[in-house]
Amino acid sequence: MNFAIPAAISQEIHQLRNFVRTQLLPDLPSWTHKQKTPDRFFQLMGEGGWYGIKIKGGRLIRGSALREAMIAEELAKVSPGVAIVALAHVDLGLMGLLLFGSQSLHQTYGASAVQGKTVMCLGNTENKAGSDVAGISMRAVKVDGGWMLNGTKAYVTNGLIADLGVITAVSNPRAARNKRLSMYLVNLNTEGVHKKKLNKQVWIPSDLTRLRFNNVFIPDDHLLGTRGRGLKQVLEVFTNSRVPIAALTLGTAVGAFNLAYEHMQKRTVFGKKLLDFQAKAFELSDFYAKIEAARLMLQKACWKIDQGQDFRRTSSLAKYLAVEVAREVTVWAADIFGAASVIFEHPIHKYPLDVWAASLGEGTQDIQKLIIFRELMKNQGASFF
Ligand SMILES: Cc1cc2nc3c(=O)[nH]c(=O)nc-3n(C[C@H](O)[C@H](O)[C@H](O)COP(=O)(O)OP(=O)(O)OC[C@H]3O[C@@H](n4cnc5c(N)ncnc54)[C@H](O)[C@@H]3O)c2cc1C
């Protein structure tokens, strides 16, 4: 067993820290104030090669999962809201295109998307169905040469700024639950697409947008994957994106932990630094141990992906543990700052809120437990350990 991070990845992460310091941090207050990530951010990420999906010979390919997780963690340490913008573009939108797009769709959109010139998102959740992915009601009706889309996607990250969306819809309402849906690649700058940005307090500066589709035509060749297999396909996208979102969540915990540690070294109470109180020092050790344990599970999930092994159970374990740990760490870290932590502009303020958001994406904690349990039951009779 080798726990060492490959030197090439460590070197890249070092360069990424430089990128974050020079290209992201100076603009972050303005993006936060405007609650918007500029197009330039996507392009800078593309130019730096920081996306986990690349294009080779006209085909989209996935890079190292470990490298991608470390990049997500690094971005989230300073801004989970910026990290999710990149994640929704690559691990939801682009991932849908990578897994289920034809060679011709890869060629048409792939290069522009990996360069950050075309921004992507994924819309599945509706008002009446989130965890129950199959329960959506948006309709895709077969017409001459394509499909007509009608309905509303309630919560779409990047929905406001994305050019292209991976969208699920009911293509056969009479079919069984697992054959009712299909998946489409939809131009979001076309007639009939209405966008309404929602007012939220989490993952700033990302946008959360309601997308309404009113008689939107989708050509036949923009059906992703197989007609009627949309449910299985969107679940496969979520299984894949669960690992980078676990990394984003871990980064949220680490960002908050680092701020708390800095503050504990400076803040004096009752004549002593906070860090000199043994109760506080023990808290630091406790949370450090939990972060490291969650990181090990995340790295195991990355390793499984990079080895081409089944990673379903491990990706849910990684997301579940990252959220549990990050919930505890971020609330503790905010507490270390006392009253200052409730001020919107205070650097610590966002972290507990951003974990709240992270707990919902790619399946709530209940859904992770459901997946873990189902995976365990597949091995019934055999030892779980
Ligand atoms: C900031 C943000 C960004 C988002 N971005 C996107 C996006 O880009 N694209 C997209 O499609 N969606 C997005 N979502 C939606 C997100 O995926 C859903 O919120 C999530 O899947 C939960 O669905 P729901 O909100 O409908 O809650 P529900 O599914 O109604 O769940 C409500 C409660 O019931 C529990 N529950 C559900 N099913 C079970 C079960 N079987 N057993 C036990 N308990 C259960 C849940 O854990 C939860 O506590 C986003 C949400 C947020 C907050």
# chains A, B, ... in the order shown; residues from 1 in each chain; ligands from 1
>>> select_by_dssp(residues="segment 128-172 of chain A", states="strand (DSSP E)", output="list in words")
Arg139, Ala140, Val141, Lys142, Val143, Gly146, Trp147, Met148, Leu149, Asn150, Gly151, Thr152, Lys153, Ala154, Tyr155, Val156, Thr157, Leu164, Gly165, Val166, Ile167, Thr168, Ala169 and Val170 of chain A
>>> closest_atom_pairs(of="chain A", to="ligand 1", cutoff="6 Å", atoms="only C-alpha atoms and all ligand atoms", output="JSON lines")
{"residue": "A:Leu122", "atom": "CA", "partner": "ligand 1", "partner_atom_place_in_ligand_line": "9 (N)", "distance": 5.1}
{"residue": "A:Gly123", "atom": "CA", "partner": "ligand 1", "partner_atom_place_in_ligand_line": "11 (O)", "distance": 4.0}
{"residue": "A:Asn124", "atom": "CA", "partner": "ligand 1", "partner_atom_place_in_ligand_line": "11 (O)", "distance": 3.6}
{"residue": "A:Thr125", "atom": "CA", "partner": "ligand 1", "partner_atom_place_in_ligand_line": "11 (O)", "distance": 3.9}
{"residue": "A:Ala129", "atom": "CA", "partner": "ligand 1", "partner_atom_place_in_ligand_line": "26 (O)", "distance": 5.0}
{"residue": "A:Gly130", "atom": "CA", "partner": "ligand 1", "partner_atom_place_in_ligand_line": "26 (O)", "distance": 3.2}
{"residue": "A:Ser131", "atom": "CA", "partner": "ligand 1", "partner_atom_place_in_ligand_line": "29 (O)", "distance": 3.6}
{"residue": "A:Asp132", "atom": "CA", "partner": "ligand 1", "partner_atom_place_in_ligand_line": "29 (O)", "distance": 5.8}
{"residue": "A:Tyr155", "atom": "CA", "partner": "ligand 1", "partner_atom_place_in_ligand_line": "13 (C)", "distance": 4.8}
{"residue": "A:Val156", "atom": "CA", "partner": "ligand 1", "partner_atom_place_in_ligand_line": "8 (O)", "distance": 3.8}
{"residue": "A:Thr157", "atom": "CA", "partner": "ligand 1", "partner_atom_place_in_ligand_line": "8 (O)", "distance": 3.8}
{"residue": "A:Ala357", "atom": "CA", "partner": "ligand 1", "partner_atom_place_in_ligand_line": "1 (C)", "distance": 4.9}
{"residue": "A:Leu360", "atom": "CA", "partner": "ligand 1", "partner_atom_place_in_ligand_line": "20 (C)", "distance": 4.8}
{"residue": "A:Gly361", "atom": "CA", "partner": "ligand 1", "partner_atom_place_in_ligand_line": "17 (O)", "distance": 4.5}
{"residue": "A:Glu362", "atom": "CA", "partner": "ligand 1", "partner_atom_place_in_ligand_line": "17 (O)", "distance": 5.6}
{"residue": "A:Gly363", "atom": "CA", "partner": "ligand 1", "partner_atom_place_in_ligand_line": "21 (O)", "distance": 5.0}
{"residue": "A:Thr364", "atom": "CA", "partner": "ligand 1", "partner_atom_place_in_ligand_line": "47 (O)", "distance": 4.7}
{"residue": "A:Gln365", "atom": "CA", "partner": "ligand 1", "partner_atom_place_in_ligand_line": "47 (O)", "distance": 5.8}
{"residue": "A:Asp366", "atom": "CA", "partner": "ligand 1", "partner_atom_place_in_ligand_line": "47 (O)", "distance": 4.3}
{"residue": "A:Ile367", "atom": "CA", "partner": "ligand 1", "partner_atom_place_in_ligand_line": "47 (O)", "distance": 6.0}
>>> closest_residue(among="A:Ile371, A:Val331, A:Met377, A:Val170", to="Met148 of chain A", atoms="only C-alpha atoms")
A:Val170
>>> residues_around(residues="Ser285 of chain A", least_positions_apart="4", cutoff="12 Å", atoms="only C-alpha atoms", output="PyMOL selection string")
chain A and resi 257+261+275+278-281+289-292+329
>>> write_last_selection(atoms="C-alpha atoms", output="mmCIF file, in the first residue's frame")
data_model
loop_
_atom_site.group_PDB
_atom_site.id
_atom_site.type_symbol
_atom_site.label_atom_id
_atom_site.label_comp_id
_atom_site.auth_asym_id
_atom_site.auth_seq_id
_atom_site.Cartn_x
_atom_site.Cartn_y
_atom_site.Cartn_z
ATOM 1 C CA PHE A 257 -10.008 24.644 10.348
ATOM 2 C CA TYR A 261 -6.157 27.639 14.035
ATOM 3 C CA LEU A 275 -4.495 27.683 21.775
ATOM 4 C CA GLN A 278 -5.877 22.469 26.750
ATOM 5 C CA ALA A 279 -9.610 22.100 26.049
ATOM 6 C CA LYS A 280 -9.099 24.050 22.788
ATOM 7 C CA ALA A 281 -5.879 22.219 21.891
ATOM 8 C CA ALA A 289 -8.007 13.407 13.254
ATOM 9 C CA LYS A 290 -11.505 13.458 11.771
ATOM 10 C CA ILE A 291 -10.434 15.451 8.703
ATOM 11 C CA GLU A 292 -7.574 13.031 8.068
ATOM 12 C CA VAL A 329 -15.544 21.287 11.996
#
>>> closest_atom_pairs(of="segment 76-120 of chain A", to="segment 343-348 of chain A", cutoff="12 Å", atoms="only C-alpha atoms", output="tab-separated table")
residue	atom	partner	partner_atom	distance
A:Lys77	CA	A:Ile348	CA	11.0
A:Val78	CA	A:Pro347	CA	9.1
A:Ser79	CA	A:Pro347	CA	9.6
A:Pro80	CA	A:Ile348	CA	11.8
>>> residues_around(residues="segment 115-117 of chain A", least_positions_apart="3", cutoff="12 Å", atoms="only C-alpha atoms", output="MDAnalysis selection string")
chainID A and resid 38:55 85:86 89:90 94 109:112 120 161:164
